[in-house]
file protein25.cif (mmCIF, C-alpha atoms)
data_target
#
loop_
_atom_site.label_atom_id
_atom_site.label_comp_id
_atom_site.auth_asym_id
_atom_site.auth_seq_id
_atom_site.Cartn_x
_atom_site.Cartn_y
_atom_site.Cartn_z
CA MET K 1498 0.00 0.00 0.00
CA LYS K 1499 1.43 3.36 -1.00
CA ASN K 1500 2.26 5.72 1.87
CA ALA K 1501 1.85 2.98 4.48
CA LEU K 1502 3.88 3.89 7.57
CA ASN K 1503 6.40 1.31 8.79
CA ILE K 1504 5.97 1.63 12.56
CA ASP K 1505 9.22 -0.16 13.43
CA LYS K 1506 11.29 2.12 11.20
CA ALA K 1507 9.49 5.20 12.53
CA THR K 1508 10.28 4.13 16.09
CA LYS K 1509 13.97 3.73 15.18
CA LEU K 1510 13.94 7.16 13.55
CA TRP K 1511 12.59 8.86 16.67
CA GLN K 1512 15.03 6.94 18.88
CA HIS K 1513 17.82 8.17 16.63
CA LEU K 1514 16.68 11.79 16.93
CA ASN K 1515 16.29 11.44 20.67
CA GLY K 1516 19.94 10.38 20.74
CA TRP K 1517 20.89 13.69 19.13
CA HIS K 1518 19.50 15.38 22.22
CA GLU K 1519 20.37 12.96 25.01
CA LYS K 1520 23.74 11.66 23.79
CA HIS K 1521 25.10 14.43 21.59
CA GLY K 1522 23.84 17.55 23.32
CA VAL K 1523 21.59 19.02 20.63
CA ARG K 1524 19.38 21.12 22.87
CA ALA K 1525 16.29 21.47 20.63
CA VAL K 1526 14.86 19.11 17.99
CA ALA K 1527 11.50 19.14 16.20
CA ALA K 1528 10.63 16.90 13.25
CA GLU K 1529 7.70 15.78 11.13
CA ILE K 1530 7.12 13.16 8.46
CA GLY K 1531 4.06 13.13 6.24
CA THR K 1532 2.39 12.50 2.93
CA ILE K 1533 0.21 14.29 0.43
CA ASP K 1534 -2.60 13.69 2.92
CA GLY K 1535 -0.86 15.52 5.76
CA PRO K 1536 1.38 14.81 8.77
CA ALA K 1537 1.83 11.19 9.80
CA GLU K 1538 4.02 11.51 12.90
CA THR K 1539 5.82 14.30 14.74
CA PHE K 1540 8.69 14.33 17.20
CA THR K 1541 10.13 16.84 19.67
CA ALA K 1542 12.99 16.68 22.13
CA GLY K 1543 14.85 19.12 24.32
CA PHE K 1544 14.25 22.73 25.23
CA ASP K 1545 13.55 26.04 23.52
CA ASP K 1546 15.71 28.04 25.89
CA PHE K 1547 19.29 27.94 27.08
CA ASP K 1548 18.10 27.63 30.71
CA GLN K 1549 16.17 24.48 29.72
CA LYS K 1550 12.88 25.53 31.28
CA ILE K 1551 10.62 25.45 28.20
CA ALA K 1552 10.27 22.07 26.47
CA VAL K 1553 10.15 21.94 22.68
CA ASP K 1554 6.58 21.34 21.47
CA GLU K 1555 4.32 22.17 18.53
CA ASN K 1556 4.43 25.85 19.48
CA SER K 1557 8.23 26.06 19.21
CA THR K 1558 9.45 28.26 16.38
CA PHE K 1559 12.93 28.17 14.89
CA LEU K 1560 15.09 30.43 12.77
CA ILE K 1561 15.11 28.04 9.81
CA ALA K 1562 17.89 29.80 7.83
CA SER K 1563 18.24 28.85 4.15
CA PRO K 1564 14.94 26.99 3.64
CA THR K 1565 13.75 30.61 3.52
CA LYS K 1566 15.08 30.76 -0.04
CA PRO K 1567 12.43 28.53 -1.70
CA PHE K 1568 9.72 30.77 -0.26
CA VAL K 1569 11.29 33.82 -1.92
CA THR K 1570 11.69 32.00 -5.24
CA THR K 1571 8.07 30.83 -5.00
CA ALA K 1572 7.06 34.48 -4.70
CA ILE K 1573 9.12 35.27 -7.82
CA MET K 1574 7.35 32.50 -9.73
CA GLN K 1575 3.99 33.85 -8.58
CA LEU K 1576 4.97 37.13 -10.26
CA VAL K 1577 5.94 35.15 -13.36
CA GLU K 1578 2.44 33.65 -13.40
CA GLN K 1579 0.98 37.15 -13.12
CA GLY K 1580 2.97 38.32 -16.15
CA GLU K 1581 5.01 40.80 -14.09
CA LEU K 1582 8.38 39.32 -15.07
CA THR K 1583 10.10 36.39 -16.80
CA VAL K 1584 13.06 34.40 -15.54
CA SER K 1585 15.00 35.33 -18.68
CA ASP K 1586 14.83 39.03 -17.79
CA LEU K 1587 18.05 40.83 -17.00
CA VAL K 1588 18.30 41.92 -13.37
CA SER K 1589 19.22 45.42 -14.54
CA LYS K 1590 15.76 45.74 -16.10
CA TYR K 1591 14.40 46.11 -12.56
CA LEU K 1592 17.52 47.41 -10.80
CA PRO K 1593 19.35 49.79 -13.19
CA GLU K 1594 22.11 50.29 -10.63
CA PHE K 1595 22.93 46.56 -10.79
CA THR K 1596 25.68 46.81 -13.42
CA GLY K 1597 29.44 46.70 -13.87
CA GLY K 1598 31.96 43.88 -13.72
CA GLY K 1599 29.76 41.54 -15.74
CA LYS K 1600 26.60 41.98 -13.66
CA GLU K 1601 24.78 43.50 -16.64
CA SER K 1602 24.54 39.96 -18.11
CA ILE K 1603 22.99 38.37 -15.00
CA ARG K 1604 19.42 37.19 -15.52
CA LEU K 1605 16.80 36.22 -12.98
CA ALA K 1606 17.37 32.59 -13.96
CA HIS K 1607 20.96 32.89 -12.74
CA LEU K 1608 19.78 34.17 -9.35
CA LEU K 1609 17.22 31.37 -9.10
CA THR K 1610 19.80 28.62 -9.78
CA HIS K 1611 22.92 29.87 -7.96
CA THR K 1612 24.77 30.48 -11.22
CA SER K 1613 24.94 34.29 -11.08
CA GLY K 1614 28.55 34.60 -9.94
CA LEU K 1615 27.52 36.73 -6.96
CA PRO K 1616 29.18 35.82 -3.65
CA ASP K 1617 27.28 33.95 -1.00
CA MET K 1618 27.92 36.67 1.55
CA LEU K 1619 29.34 40.17 1.13
CA PRO K 1620 32.98 40.78 2.14
CA ASN K 1621 31.72 43.28 4.73
CA ASN K 1622 28.84 41.10 5.96
CA THR K 1623 30.00 41.05 9.58
CA GLU K 1624 30.54 44.80 9.59
CA LEU K 1625 27.01 45.39 8.26
CA ARG K 1626 25.54 43.12 10.92
CA LYS K 1627 27.51 44.73 13.73
CA ARG K 1628 26.07 48.15 12.91
CA HIS K 1629 22.56 46.80 12.31
CA ALA K 1630 22.38 47.80 8.64
CA PRO K 1631 18.99 47.63 6.85
CA LEU K 1632 18.54 45.24 3.93
CA SER K 1633 18.64 48.15 1.49
CA GLU K 1634 22.25 48.76 2.48
CA TYR K 1635 23.16 45.13 1.87
CA GLN K 1636 21.64 45.45 -1.61
CA SER K 1637 23.64 48.61 -2.31
CA TYR K 1638 26.84 46.68 -1.69
CA VAL K 1639 25.60 43.76 -3.82
CA ASN K 1640 25.10 46.21 -6.69
CA GLU K 1641 28.81 47.08 -6.46
CA VAL K 1642 30.43 43.79 -5.44
CA GLU K 1643 32.84 41.93 -7.73
CA LEU K 1644 31.61 38.65 -9.18
CA VAL K 1645 33.22 35.39 -8.13
CA TYR K 1646 32.98 34.08 -11.72
CA ALA K 1647 31.24 34.89 -14.99
CA PRO K 1648 27.45 34.37 -14.90
CA GLY K 1649 26.29 30.95 -16.02
CA THR K 1650 29.72 29.31 -15.91
CA ARG K 1651 29.68 27.77 -12.43
CA VAL K 1652 27.36 26.77 -9.62
CA HIS K 1653 28.30 28.82 -6.57
CA TYR K 1654 25.79 29.15 -3.74
CA GLN K 1655 24.79 32.82 -3.54
CA SER K 1656 22.61 34.16 -0.76
CA MET K 1657 23.10 37.63 -2.22
CA GLY K 1658 21.31 36.48 -5.35
CA ILE K 1659 18.25 35.69 -3.24
CA LEU K 1660 18.48 39.14 -1.64
CA THR K 1661 18.43 40.63 -5.13
CA LEU K 1662 15.33 38.61 -6.03
CA SER K 1663 13.68 39.94 -2.87
CA THR K 1664 14.53 43.51 -3.88
CA ILE K 1665 12.88 42.88 -7.25
CA ILE K 1666 9.77 41.51 -5.53
CA GLU K 1667 9.52 44.75 -3.58
CA GLN K 1668 10.10 46.88 -6.68
CA ILE K 1669 7.28 45.17 -8.56
CA SER K 1670 4.76 44.61 -5.76
CA GLY K 1671 5.21 47.86 -3.84
CA VAL K 1672 5.26 46.00 -0.50
CA THR K 1673 8.00 44.38 1.54
CA THR K 1674 8.92 40.78 0.81
CA ALA K 1675 7.74 39.91 4.31
CA GLU K 1676 4.29 41.33 3.52
CA PHE K 1677 4.22 39.68 0.10
CA LEU K 1678 5.03 36.25 1.54
CA LYS K 1679 2.42 36.66 4.26
CA SER K 1680 -0.37 37.56 1.84
CA SER K 1681 0.55 35.19 -0.99
CA ILE K 1682 1.84 32.10 0.84
CA PHE K 1683 1.55 32.04 4.64
CA LYS K 1684 -2.01 33.30 5.01
CA PRO K 1685 -3.51 31.24 2.14
CA LEU K 1686 -1.92 28.08 3.53
CA GLY K 1687 -2.77 28.80 7.16
CA MET K 1688 0.89 28.98 8.26
CA SER K 1689 0.08 31.02 11.35
CA GLN K 1690 3.47 30.53 13.05
CA THR K 1691 5.55 31.65 10.08
CA SER K 1692 6.94 35.07 9.21
CA LEU K 1693 9.92 36.57 7.44
CA GLY K 1694 11.55 38.10 10.48
CA ALA K 1695 10.29 37.90 14.05
CA SER K 1696 7.91 40.53 15.35
CA ALA K 1697 8.80 42.59 18.41
CA GLU K 1698 5.89 40.91 20.17
CA LEU K 1699 7.28 37.43 19.48
CA LEU K 1700 10.78 38.39 20.56
CA ALA K 1701 9.43 39.80 23.83
CA SER K 1702 7.26 36.76 24.56
CA ASN K 1703 8.21 33.76 26.69
CA ARG K 1704 8.39 31.67 23.48
CA PRO K 1705 10.76 33.57 21.14
CA PRO K 1706 12.36 31.60 18.28
CA VAL K 1707 14.63 28.83 19.53
CA ALA K 1708 18.14 30.18 20.01
CA SER K 1709 21.13 28.75 18.19
CA MET K 1710 23.79 26.83 20.11
CA VAL K 1711 26.22 29.67 19.31
CA GLU K 1712 24.47 31.79 21.95
CA GLN K 1713 27.59 31.81 24.14
CA ILE K 1714 29.82 33.33 21.45
CA ASP K 1715 30.69 36.99 21.99
CA GLY K 1716 28.42 39.35 20.05
CA HIS K 1717 25.71 36.89 19.16
CA ASP K 1718 23.23 38.66 21.40
CA LEU K 1719 24.03 41.93 19.59
CA TRP K 1720 24.33 41.06 15.89
CA GLY K 1721 24.45 37.28 15.49
CA TRP K 1722 21.76 34.67 14.92
CA ASN K 1723 20.35 35.13 18.42
CA SER K 1724 20.19 38.91 18.39
CA ASP K 1725 16.93 40.81 18.14
CA TYR K 1726 18.46 42.63 15.16
CA TRP K 1727 19.06 39.49 13.12
CA ARG K 1728 15.85 37.68 14.01
CA SER K 1729 13.75 40.76 13.21
CA LEU K 1730 15.67 41.78 10.06
CA GLY K 1731 13.90 39.23 7.86
CA ALA K 1732 16.87 38.39 5.67
CA PRO K 1733 15.34 36.86 2.52
CA TRP K 1734 18.21 34.40 2.28
CA GLY K 1735 17.73 33.00 5.78
CA GLY K 1736 15.48 34.98 8.11
CA LEU K 1737 12.28 32.93 8.11
CA ILE K 1738 10.77 32.06 11.49
CA SER K 1739 8.65 28.92 11.40
CA SER K 1740 7.61 25.72 13.15
CA ALA K 1741 7.74 22.07 12.14
CA LYS K 1742 3.94 22.09 11.90
CA ASP K 1743 3.87 25.05 9.49
CA LEU K 1744 6.65 23.69 7.30
CA GLY K 1745 4.73 20.43 7.11
CA ILE K 1746 1.71 22.36 5.82
CA PHE K 1747 3.94 23.87 3.12
CA CYS K 1748 5.34 20.47 2.10
CA GLN K 1749 1.89 18.92 1.92
CA SER K 1750 0.63 21.81 -0.22
CA LEU K 1751 3.46 21.31 -2.72
CA LEU K 1752 2.74 17.59 -3.01
CA LYS K 1753 -0.92 18.39 -3.67
CA ILE K 1754 0.07 20.85 -6.40
CA LEU K 1755 2.31 18.24 -8.04
CA GLY K 1756 -0.68 15.92 -7.83
CA GLY K 1757 -2.68 18.37 -9.94
CA ASP K 1758 -4.51 20.43 -7.32
CA ALA K 1759 -4.79 24.21 -7.39
CA GLY K 1760 -2.46 25.95 -4.97
CA ILE K 1761 -0.14 28.89 -4.39
CA VAL K 1762 1.41 28.24 -7.83
CA ALA K 1763 0.23 26.17 -10.78
CA PRO K 1764 1.38 22.55 -11.19
CA SER K 1765 3.37 23.43 -14.30
CA THR K 1766 5.15 26.23 -12.42
CA LEU K 1767 6.10 23.96 -9.53
CA ARG K 1768 7.31 21.28 -11.93
CA ALA K 1769 9.61 23.90 -13.46
CA MET K 1770 10.82 24.93 -10.00
CA THR K 1771 11.67 21.33 -9.12
CA SER K 1772 13.23 20.29 -12.46
CA ASN K 1773 16.93 20.43 -13.22
CA GLN K 1774 17.26 23.92 -14.69
CA LEU K 1775 21.05 23.77 -14.92
CA ARG K 1776 20.82 21.80 -18.16
CA GLY K 1777 19.87 25.06 -19.83
CA PHE K 1778 23.24 26.69 -19.05
CA ARG K 1779 25.62 25.61 -21.80
CA LYS K 1780 28.71 27.28 -20.32
CA LEU K 1781 28.72 25.06 -17.23
CA ARG K 1782 31.49 22.50 -16.99
CA ALA K 1783 30.41 19.13 -18.39
CA GLY K 1784 28.75 16.98 -15.74
CA THR K 1785 27.94 19.83 -13.35
CA ALA K 1786 24.24 19.95 -14.22
CA ASP K 1787 23.76 16.26 -13.39
CA ALA K 1788 26.08 16.15 -10.38
CA LEU K 1789 24.81 19.30 -8.60
CA PRO K 1790 21.30 19.88 -9.98
CA TRP K 1791 19.23 22.91 -9.01
CA GLY K 1792 15.69 23.92 -9.86
CA TYR K 1793 14.41 27.44 -9.26
CA GLY K 1794 15.29 27.86 -5.59
CA TRP K 1795 15.08 24.15 -4.79
CA GLN K 1796 18.09 21.87 -4.59
CA LEU K 1797 17.52 18.46 -6.14
CA ASN K 1798 19.17 15.52 -4.43
CA TRP K 1799 22.93 15.01 -4.78
CA PRO K 1800 23.06 11.37 -3.56
CA ASN K 1801 26.86 11.00 -3.38
CA HIS K 1802 27.67 14.47 -2.10
CA PRO K 1803 28.20 15.43 1.59
CA ARG K 1804 25.65 18.22 1.12
CA GLY K 1805 23.05 16.11 -0.63
CA PHE K 1806 19.95 14.63 1.00
CA GLY K 1807 21.36 11.16 1.48
CA SER K 1808 21.62 7.99 -0.55
CA VAL K 1809 18.06 6.77 -0.06
CA LEU K 1810 16.10 9.67 -1.53
CA PRO K 1811 15.86 9.56 -5.34
CA GLN K 1812 17.58 12.21 -7.44
CA GLU K 1813 14.26 13.87 -8.29
CA ALA K 1814 13.65 14.57 -4.61
CA PHE K 1815 14.02 18.24 -3.74
CA GLY K 1816 14.60 20.22 -0.58
CA HIS K 1817 16.87 22.65 1.23
CA TRP K 1818 19.40 22.81 4.05
CA GLY K 1819 19.62 25.49 6.72
CA ALA K 1820 22.82 26.57 8.47
CA THR K 1821 21.02 26.67 11.83
CA GLY K 1822 20.63 22.88 11.65
CA THR K 1823 17.49 22.43 9.56
CA LEU K 1824 16.51 20.26 6.60
CA VAL K 1825 13.37 19.92 4.50
CA TRP K 1826 13.04 17.17 1.86
CA ILE K 1827 10.17 16.20 -0.46
CA ASP K 1828 9.97 13.05 -2.59
CA PRO K 1829 7.40 13.62 -5.36
CA SER K 1830 7.76 10.05 -6.67
CA GLU K 1831 6.04 8.71 -3.54
CA SER K 1832 4.31 11.92 -2.34
CA VAL K 1833 6.07 11.94 1.03
CA TYR K 1834 8.15 14.48 2.94
CA GLY K 1835 10.31 14.88 6.02
CA LEU K 1836 11.67 17.86 7.91
CA VAL K 1837 13.81 18.41 10.96
CA LEU K 1838 14.58 21.62 12.85
CA THR K 1839 17.36 21.96 15.41
CA ASN K 1840 19.39 24.70 17.06
CA GLU K 1841 22.78 23.16 16.18
CA PRO K 1842 24.66 25.07 13.44
CA MET K 1843 25.40 22.99 10.36
CA GLU K 1844 28.91 21.85 9.45
CA LEU K 1845 30.08 21.48 5.85
CA GLU K 1846 30.85 17.81 6.50
CA ASN K 1847 29.33 15.13 8.73
CA ARG K 1848 25.83 16.54 8.71
CA ARG K 1849 23.75 14.42 11.07
CA GLN K 1850 20.63 15.52 9.13
CA ILE K 1851 21.64 13.19 6.28
CA SER K 1852 20.93 10.25 8.56
CA PHE K 1853 17.53 11.79 9.24
CA ALA K 1854 16.83 12.04 5.50
CA ASN K 1855 17.81 8.40 4.92
CA MET K 1856 15.90 7.03 7.89
CA SER K 1857 12.80 9.18 7.41
CA ARG K 1858 12.46 8.15 3.78
CA LEU K 1859 12.77 4.46 4.75
CA VAL K 1860 9.77 4.88 7.05
CA TRP K 1861 7.63 4.65 3.90
CA ASP K 1862 9.22 1.41 2.63
#
call {"tool": "encode", "arguments": {"input": "protein25.cif", "output": "structure tokens"}}
result
Amino acid sequence: MKNALNIDKATKLWQHLNGWHEKHGVRAVAAEIGTIDGPAETFTAGFDDFDQKIAVDENSTFLIASPTKPFVTTAIMQLVEQGELTVSDLVSKYLPEFTGGGKESIRLAHLLTHTSGLPDMLPNNTELRKRHAPLSEYQSYVNEVELVYAPGTRVHYQSMGILTLSTIIEQISGVTTAEFLKSSIFKPLGMSQTSLGASAELLASNRPPVASMVEQIDGHDLWGWNSDYWRSLGAPWGGLISSAKDLGIFCQSLLKILGGDAGIVAPSTLRAMTSNQLRGFRKLRAGTADALPWGYGWQLNWPNHPRGFGSVLPQEAFGHWGATGTLVWIDPSESVYGLVLTNEPMELENRRQISFANMSRLVWD
């Protein structure tokens, strides 16, 4: 029977996650597995707060980091559907100041697929954070920054490309990206615990977003992940606040769209977002498109890569990592999904979330 839950494998999965908390010191863990029909099982372990007084539960919200990016690219594709832009448009069409050093040849498609040549972070990123710069100032520096490589010639993860897409959303819509996402995605889907940036009310409550394990590093209460500045900034490349429950709603909605239902984007649009778009860039080194495939904002699985989604998920599975210790994966071939949120910053190697991806997918076998 399709989508039949294997109870024994689910039990082993939750025991494994509990070990992250009890044996390895990951303070906060929340996870969910589900299908096109909705959540099947959920799991929580640990505490929201450093003092370990508030247990993680369905009301716990996390700074999810880079899984923010697919929400921003979904908003871009909604504007595509409305005829407001096309992915082949030059960025300079919307941002005339975005020129020089080869940037005049960057198209929206490059920003959507991490092939723009923009850096991931600005050289003065830390300086900007320390003085609590607004997002508009980050964009001003992006407009001037030197490219890492010529557009369309390499895949190089670029958070600043997502910032630029956000700036275009605001130029076209006349509202902030946070407001656009709320009205076009969060509210229609009923994602009541999700926002781009934390409100002052949430930060002042007794259940603010779960803090990162870097909370003891100097400066992190002033400008780092745990600062009010960073959590309220709403960085479009990594500032989304959400819960496991809300992200599960998002995953289920995407599976329904791929199944042919109406949703926040059309089925054909979502299929484009989750197809290997790198095959359209002829200047990429041979083999890159198949080894490190990207859709529009969604990473497809890289089974043999330390930053893939494991060896069990098929290559057509899509998802996204988050540097704060988060992972979302969706397998359209079987209409199932899994997601895990933690407060442990992600390493480049030895990501424990890969074991979650492997084990959570096996729950459906």
call {"tool": "atom_distance", "arguments": {"input": "protein25.cif", "atom1": "atom CA of Pro1536 of chain K", "atom2": "atom CA of Arg1524 of chain K"}}
result
23.7 Å
call {"tool": "atom_distance", "arguments": {"input": "protein25.cif", "atom1": "atom CA of Pro1564 of chain K", "atom2": "atom CA of Gly1819 of chain K"}}
result
5.8 Å
call {"tool": "residues_around", "arguments": {"input": "protein25.cif", "residues": "segment 1684-1697 of chain K", "least_positions_apart": "2", "cutoff": "7 Å", "atoms": "only C-alpha atoms", "output": "PyMOL selection string"}}
result
chain K and resi 1675+1679-1682+1699-1701+1728-1731+1736-1740+1743
call {"tool": "resolve_selection", "arguments": {"input": "protein25.cif", "expression": "the PyMOL selection byres ((chain K and resi 1593-1609) around 7)", "output": "list in words"}}
result
Thr1570, Val1584, Ser1585, Asp1586, Leu1587, Val1588, Ser1589, Lys1590, Tyr1591, Leu1592, Thr1610, His1611, Thr1612, Ser1613, Asn1640, Glu1643, Leu1644, Ala1647, Pro1648, Gly1649, Gly1658, Ile1659, Tyr1793 and Gly1794 of chain K
call {"tool": "closest_atom_pairs", "arguments": {"input": "protein25.cif", "of": "segment 1587-1660 of chain K", "to": "segment 1703-1721 of chain K", "cutoff": "12 Å", "atoms": "all atoms listed in the file", "output": "Markdown table"}}
result
| residue | atom | partner | partner_atom | distance |
| --- | --- | --- | --- | --- |
| K:Asn1622 | CA | K:Trp1720 | CA | 10.9 |
| K:Thr1623 | CA | K:Trp1720 | CA | 8.5 |
| K:Glu1624 | CA | K:Trp1720 | CA | 9.6 |
| K:Leu1625 | CA | K:Trp1720 | CA | 9.2 |
| K:Arg1626 | CA | K:Trp1720 | CA | 5.5 |
| K:Lys1627 | CA | K:Trp1720 | CA | 5.3 |
| K:Arg1628 | CA | K:Trp1720 | CA | 7.9 |
| K:His1629 | CA | K:Trp1720 | CA | 7.0 |
| K:Ala1630 | CA | K:Trp1720 | CA | 10.1 |
call {"tool": "atom_distance", "arguments": {"input": "protein25.cif", "atom1": "atom CA of Val1553 of chain K", "atom2": "atom CA of Val1526 of chain K"}}
result
7.2 Å
call {"tool": "resolve_selection", "arguments": {"input": "protein25.cif", "expression": "the PyMOL selection byres ((chain K and resi 1774) around 9)", "output": "PDB file with C-alpha atoms, keeping the file's coordinate frame"}}
result
ATOM      1  CA  ALA K1606      17.370  32.590 -13.960  1.00  0.00           C
ATOM      2  CA  THR K1610      19.800  28.620  -9.780  1.00  0.00           C
ATOM      3  CA  ALA K1769       9.610  23.900 -13.460  1.00  0.00           C
ATOM      4  CA  MET K1770      10.820  24.930 -10.000  1.00  0.00           C
ATOM      5  CA  THR K1771      11.670  21.330  -9.120  1.00  0.00           C
ATOM      6  CA  SER K1772      13.230  20.290 -12.460  1.00  0.00           C
ATOM      7  CA  ASN K1773      16.930  20.430 -13.220  1.00  0.00           C
ATOM      8  CA  LEU K1775      21.050  23.770 -14.920  1.00  0.00           C
ATOM      9  CA  ARG K1776      20.820  21.800 -18.160  1.00  0.00           C
ATOM     10  CA  GLY K1777      19.870  25.060 -19.830  1.00  0.00           C
ATOM     11  CA  PHE K1778      23.240  26.690 -19.050  1.00  0.00           C
ATOM     12  CA  ALA K1786      24.240  19.950 -14.220  1.00  0.00           C
ATOM     13  CA  PRO K1790      21.300  19.880  -9.980  1.00  0.00           C
ATOM     14  CA  TRP K1791      19.230  22.910  -9.010  1.00  0.00           C
ATOM     15  CA  GLY K1792      15.690  23.920  -9.860  1.00  0.00           C
ATOM     16  CA  TYR K1793      14.410  27.440  -9.260  1.00  0.00           C
TER      17      TYR K1793
END
call {"tool": "closest_residue", "arguments": {"input": "protein25.cif", "among": "K:Ala1854, K:Gly1756, K:Asp1862, K:Gly1807", "to": "His1513 of chain K", "atoms": "all atoms listed in the file"}}
result
K:Ala1854
call {"tool": "closest_residue", "arguments": {"input": "protein25.cif", "among": "K:Asn1840, K:Asn1556, K:Leu1510, K:Leu1502", "to": "Asn1723 of chain K", "atoms": "only C-alpha atoms"}}
result
K:Asn1840
call {"tool": "residues_around", "arguments": {"input": "protein25.cif", "residues": "Gly1516 of chain K", "least_positions_apart": "6", "cutoff": "12 Å", "atoms": "all atoms listed in the file", "output": "list in words"}}
result
Lys1509, Leu1510, Gly1522, Val1523, Arg1524, Ala1525, Val1526, Thr1541, Ala1542, Gly1543, Arg1849 and Phe1853 of chain K
call {"tool": "closest_residue", "arguments": {"input": "protein25.cif", "among": "K:Arg1651, K:Thr1674, K:Leu1632, K:Cys1748", "to": "Ala1783 of chain K", "atoms": "all atoms listed in the file"}}
result
K:Arg1651
call {"tool": "closest_residue", "arguments": {"input": "protein25.cif", "among": "K:Thr1571, K:Gln1850, K:Gln1749, K:Gln1668", "to": "Asp1828 of chain K", "atoms": "all atoms listed in the file"}}
result
K:Gln1749
call {"tool": "residues_around", "arguments": {"input": "protein25.cif", "residues": "Leu1824 of chain K", "least_positions_apart": "3", "cutoff": "10 Å", "atoms": "only C-alpha atoms", "output": "list in words"}}
result
Ala1528, Ile1561, Ala1562, Ser1563, Pro1564, Phe1806, Gly1816, His1817, Trp1818, Gly1819, Ala1820, Thr1821, Gly1835, Leu1836, Val1837, Leu1838, Thr1839, Gln1850, Ile1851, Phe1853 and Ala1854 of chain K
call {"tool": "write_last_selection", "arguments": {"input": "protein25.cif", "atoms": "C-alpha atoms", "output": "CSV table (one decimal), in the frame of the given file"}}
result
chain,number,residue,atom,x,y,z
K,1528,ALA,CA,10.6,16.9,13.2
K,1561,ILE,CA,15.1,28.0,9.8
K,1562,ALA,CA,17.9,29.8,7.8
K,1563,SER,CA,18.2,28.8,4.2
K,1564,PRO,CA,14.9,27.0,3.6
K,1806,PHE,CA,20.0,14.6,1.0
K,1816,GLY,CA,14.6,20.2,-0.6
K,1817,HIS,CA,16.9,22.6,1.2
K,1818,TRP,CA,19.4,22.8,4.0
K,1819,GLY,CA,19.6,25.5,6.7
K,1820,ALA,CA,22.8,26.6,8.5
K,1821,THR,CA,21.0,26.7,11.8
K,1835,GLY,CA,10.3,14.9,6.0
K,1836,LEU,CA,11.7,17.9,7.9
K,1837,VAL,CA,13.8,18.4,11.0
K,1838,LEU,CA,14.6,21.6,12.8
K,1839,THR,CA,17.4,22.0,15.4
K,1850,GLN,CA,20.6,15.5,9.1
K,1851,ILE,CA,21.6,13.2,6.3
K,1853,PHE,CA,17.5,11.8,9.2
K,1854,ALA,CA,16.8,12.0,5.5
call {"tool": "closest_residue", "arguments": {"input": "protein25.cif", "among": "K:Leu1582, K:Met1574, K:Met1618, K:Leu1859", "to": "Ala1763 of chain K", "atoms": "all atoms listed in the file"}}
result
K:Met1574
call {"tool": "residues_near_point", "arguments": {"input": "protein25.cif", "point": "(14.3, 40.4, 0.9)", "cutoff": "7 Å", "atoms": "only C-alpha atoms", "output": "number ranges by chain"}}
result
K: 1660, 1663-1664, 1674, 1732-1733
